[in-house]
Protein chains: 2
Amino acid sequence: MDSPSAIAALGALAQEHRLTLFRLLVRAGPEGMAAGAIADALGVPNSSLSFHLAQLHRAGLVRQERRHRSLLYSADYDAMNRLVAYLMENCCGGQACAPETACTATEDTRRKKA
Amino acid sequence: MDSPSAIAALGALAQEHRLTLFRLLVRAGPEGMAAGAIADALGVPNSSLSFHLAQLHRAGLVRQERRHRSLLYSADYDAMNRLVAYLMENCCGGQACAPETACTATEDTRRKKA
DNA sequence: CTGTCATTTCCATGATTATCGAAAAGAGGT
DNA sequence: ACCTCTTTTCGATAATCATGGAAATGACAG
């Protein structure tokens, strides 16, 4: 993870609707949710939601996949973990701290479920 | 951690200088750094740096403490950990994932060092 | 090929944010 | 009380971002 990517990701999350949306997708798991279902859940107009989804997608935090007529969006756990690791990098000069823990729903888990 | 606090924290970090600054303080450890030393390290004018430090402070990510004539700023590891936990909350519906790891330089560590 | 459903793009408006020089404010030391 | 060092506030400018209705796009079923 480099600085511009981290800034893009943090900026994408630093907005009421997008933060709610991302956390919704984190809870939803690797299967994700359709754009319409998300719009219903958040009570946000379609055009606004599309804008926010695009922001999260460009920031690399969210994946897009077509299923029938819908677009399924899902949280990218790897990206989230990389972002967290970047924030905590060399914490305390690397002496006392070594977090490195992450959400375990990686690509492998996803393939199993799918 | 509630949503407005998380948005404030994420927004504070979503800026080139502030992200660099926060990571600098994370590396610096619980002792922190003086505002002037930070300005030198980042090559940012004093007035700009003060603005960014205030943003991080209002977002609760950074602590302020006077030492002689200088103001020492240090990263608030607890706040960082709470933010990360908020992001990953109920990951995958709480089934496969339970990260919960954090930087260990908490207040106790700080008191020991000080 | 046509109709329909799901989603995105366009566009104008209003709101927030970053920048940095100059001046003010706060804290010690003497 | 005064001087000096450190940091913050002020203020104007430029840039970026959020919003939502209307129109366009893309995908599938019949």
# chains A, B, ... in the order shown; residues from 1 in each chain; ligands from 1
>>> select_by_dssp(residues="chain B", states="strand (DSSP E or B)", output="list in words")
Met33, Ala34, Val62, Arg63, Gln64, Glu65, Arg66, Arg67, Ser70, Leu71, Leu72, Tyr73, Ser74 and Ala75 of chain B
>>> write_last_selection(atoms="N, CA and C atoms", output="PDB file, in the first residue's frame")
ATOM      1  N   MET B  33       6.266  14.007  19.387  1.00  0.00           N
ATOM      2  CA  MET B  33       7.234  14.945  18.814  1.00  0.00           C
ATOM      3  C   MET B  33       6.715  16.370  18.991  1.00  0.00           C
ATOM      4  N   ALA B  34       7.636  17.322  19.036  1.00  0.00           N
ATOM      5  CA  ALA B  34       7.246  18.725  19.121  1.00  0.00           C
ATOM      6  C   ALA B  34       6.775  19.218  17.759  1.00  0.00           C
ATOM      7  N   VAL B  62      -4.905  12.348  17.966  1.00  0.00           N
ATOM      8  CA  VAL B  62      -3.609  12.852  18.398  1.00  0.00           C
ATOM      9  C   VAL B  62      -3.754  13.561  19.742  1.00  0.00           C
ATOM     10  N   ARG B  63      -2.777  13.385  20.595  1.00  0.00           N
ATOM     11  CA  ARG B  63      -2.790  14.036  21.905  1.00  0.00           C
ATOM     12  C   ARG B  63      -1.840  15.213  21.914  1.00  0.00           C
ATOM     13  N   GLN B  64      -2.160  16.167  22.748  1.00  0.00           N
ATOM     14  CA  GLN B  64      -1.377  17.394  22.855  1.00  0.00           C
ATOM     15  C   GLN B  64      -0.912  17.525  24.300  1.00  0.00           C
ATOM     16  N   GLU B  65       0.348  17.909  24.476  1.00  0.00           N
ATOM     17  CA  GLU B  65       0.875  18.015  25.834  1.00  0.00           C
ATOM     18  C   GLU B  65       2.018  19.030  25.822  1.00  0.00           C
ATOM     19  N   ARG B  66       2.018  19.883  26.810  1.00  0.00           N
ATOM     20  CA  ARG B  66       3.065  20.902  26.821  1.00  0.00           C
ATOM     21  C   ARG B  66       4.313  20.379  27.535  1.00  0.00           C
ATOM     22  N   ARG B  67       5.467  20.679  26.956  1.00  0.00           N
ATOM     23  CA  ARG B  67       6.752  20.305  27.570  1.00  0.00           C
ATOM     24  C   ARG B  67       7.687  21.493  27.359  1.00  0.00           C
ATOM     25  N   SER B  70       7.645  23.836  24.190  1.00  0.00           N
ATOM     26  CA  SER B  70       7.097  23.178  23.009  1.00  0.00           C
ATOM     27  C   SER B  70       5.787  22.459  23.305  1.00  0.00           C
ATOM     28  N   LEU B  71       5.045  22.218  22.258  1.00  0.00           N
ATOM     29  CA  LEU B  71       3.868  21.371  22.360  1.00  0.00           C
ATOM     30  C   LEU B  71       4.220  20.016  21.753  1.00  0.00           C
ATOM     31  N   LEU B  72       4.098  18.971  22.575  1.00  0.00           N
ATOM     32  CA  LEU B  72       4.373  17.625  22.093  1.00  0.00           C
ATOM     33  C   LEU B  72       3.083  17.005  21.576  1.00  0.00           C
ATOM     34  N   TYR B  73       3.150  16.446  20.392  1.00  0.00           N
ATOM     35  CA  TYR B  73       2.001  15.730  19.841  1.00  0.00           C
ATOM     36  C   TYR B  73       2.347  14.258  19.748  1.00  0.00           C
ATOM     37  N   SER B  74       1.352  13.412  20.102  1.00  0.00           N
ATOM     38  CA  SER B  74       1.588  11.972  20.010  1.00  0.00           C
ATOM     39  C   SER B  74       0.333  11.284  19.489  1.00  0.00           C
ATOM     40  N   ALA B  75       0.531  10.158  18.823  1.00  0.00           N
ATOM     41  CA  ALA B  75      -0.603   9.394  18.279  1.00  0.00           C
ATOM     42  C   ALA B  75      -1.402   8.770  19.410  1.00  0.00           C
TER      43      ALA B  75
END
>>> closest_atom_pairs(of="chain A", to="chain C", cutoff="12 Å", atoms="only C-alpha atoms (C1' of nucleotides)", output="CSV")
residue,atom,partner,partner_atom,distance
A:Ala34,CA,C:DA6,C1',9.5
A:Ala35,CA,C:DT7,C1',7.6
A:Gly36,CA,C:DA6,C1',7.4
A:Ala37,CA,C:DA6,C1',10.8
A:Ala39,CA,C:DT7,C1',11.0
A:Pro45,CA,C:DT7,C1',11.6
A:Asn46,CA,C:DT7,C1',7.9
A:Ser47,CA,C:DT8,C1',7.4
A:Ser48,CA,C:DT8,C1',10.2
A:Leu49,CA,C:DT7,C1',10.0
A:Ser50,CA,C:DT8,C1',6.7
A:Phe51,CA,C:DT8,C1',8.5
A:His52,CA,C:DT8,C1',11.6
A:Leu53,CA,C:DT8,C1',10.6
A:Ala54,CA,C:DT8,C1',9.6
A:Arg66,CA,C:DA6,C1',11.0
A:Arg67,CA,C:DA6,C1',11.1
A:His68,CA,C:DA6,C1',9.9
A:Arg69,CA,C:DA6,C1',6.3
A:Ser70,CA,C:DA6,C1',6.0
A:Leu71,CA,C:DT7,C1',7.8
A:Leu72,CA,C:DT7,C1',11.1
>>> closest_atom_pairs(of="chain D", to="chain B", cutoff="10 Å", atoms="only C-alpha atoms (C1' of nucleotides)", output="JSON lines")
{"residue": "D:DC5", "atom": "C1'", "partner": "B:Arg69", "partner_atom": "CA", "distance": 7.5}
{"residue": "D:DT6", "atom": "C1'", "partner": "B:Ser70", "partner_atom": "CA", "distance": 6.1}
{"residue": "D:DT7", "atom": "C1'", "partner": "B:Ser50", "partner_atom": "CA", "distance": 7.5}
{"residue": "D:DT8", "atom": "C1'", "partner": "B:Ser50", "partner_atom": "CA", "distance": 6.8}
{"residue": "D:DT9", "atom": "C1'", "partner": "B:Ser47", "partner_atom": "CA", "distance": 9.0}
>>> write_last_selection(atoms="N, CA and C atoms (P, O5', C5', C4', C3', O3' and C1' of nucleotides)", output="mmCIF file, in the first residue's frame")
data_model
loop_
_atom_site.group_PDB
_atom_site.id
_atom_site.type_symbol
_atom_site.label_atom_id
_atom_site.label_comp_id
_atom_site.auth_asym_id
_atom_site.auth_seq_id
_atom_site.Cartn_x
_atom_site.Cartn_y
_atom_site.Cartn_z
ATOM 1 P P DC D 5 15.254 33.813 20.130
ATOM 2 O "O5'" DC D 5 14.534 32.392 20.245
ATOM 3 C "C5'" DC D 5 14.601 31.672 21.467
ATOM 4 C "C4'" DC D 5 13.352 30.827 21.631
ATOM 5 C "C3'" DC D 5 12.936 30.098 20.350
ATOM 6 O "O3'" DC D 5 12.774 28.720 20.629
ATOM 7 C "C1'" DC D 5 11.099 31.238 21.304
ATOM 8 P P DT D 6 12.522 27.717 19.418
ATOM 9 O "O5'" DT D 6 10.948 27.417 19.488
ATOM 10 C "C5'" DT D 6 10.382 26.945 20.695
ATOM 11 C "C4'" DT D 6 8.878 26.965 20.596
ATOM 12 C "C3'" DT D 6 8.312 26.317 19.334
ATOM 13 O "O3'" DT D 6 7.550 25.195 19.717
ATOM 14 C "C1'" DT D 6 7.244 28.379 19.809
ATOM 15 P P DT D 7 6.896 24.222 18.640
ATOM 16 O "O5'" DT D 7 5.461 24.873 18.435
ATOM 17 C "C5'" DT D 7 4.596 25.014 19.566
ATOM 18 C "C4'" DT D 7 3.413 25.873 19.225
ATOM 19 C "C3'" DT D 7 2.589 25.402 18.026
ATOM 20 O "O3'" DT D 7 1.331 24.950 18.503
ATOM 21 C "C1'" DT D 7 2.862 27.763 18.065
ATOM 22 P P DT D 8 0.158 24.514 17.489
ATOM 23 O "O5'" DT D 8 -0.714 25.845 17.444
ATOM 24 C "C5'" DT D 8 -1.228 26.357 18.661
ATOM 25 C "C4'" DT D 8 -1.943 27.669 18.415
ATOM 26 C "C3'" DT D 8 -3.172 27.553 17.497
ATOM 27 O "O3'" DT D 8 -4.258 28.197 18.128
ATOM 28 C "C1'" DT D 8 -1.728 29.276 16.748
ATOM 29 P P DT D 9 -5.731 28.077 17.477
ATOM 30 O "O5'" DT D 9 -5.923 29.505 16.781
ATOM 31 C "C5'" DT D 9 -6.025 30.657 17.595
ATOM 32 C "C4'" DT D 9 -6.087 31.905 16.724
ATOM 33 C "C3'" DT D 9 -7.271 31.963 15.751
ATOM 34 O "O3'" DT D 9 -7.906 33.222 15.905
ATOM 35 C "C1'" DT D 9 -5.246 32.392 14.622
#
>>> atom_distance(atom1="atom CA of B:Ala85", atom2="atom CA of B:Thr104")
14.2 Å
>>> select_by_dssp(residues="chain B", states="alpha helix (DSSP H)", output="count of residues only")
63
>>> interface_residues(of="chain B", to="chain A", cutoff="9 Å", atoms="only C-alpha atoms", output="ChimeraX atom specification")
/B:3-4,6-16,19-20,22-23,25-30,80,84,86-94,96-105
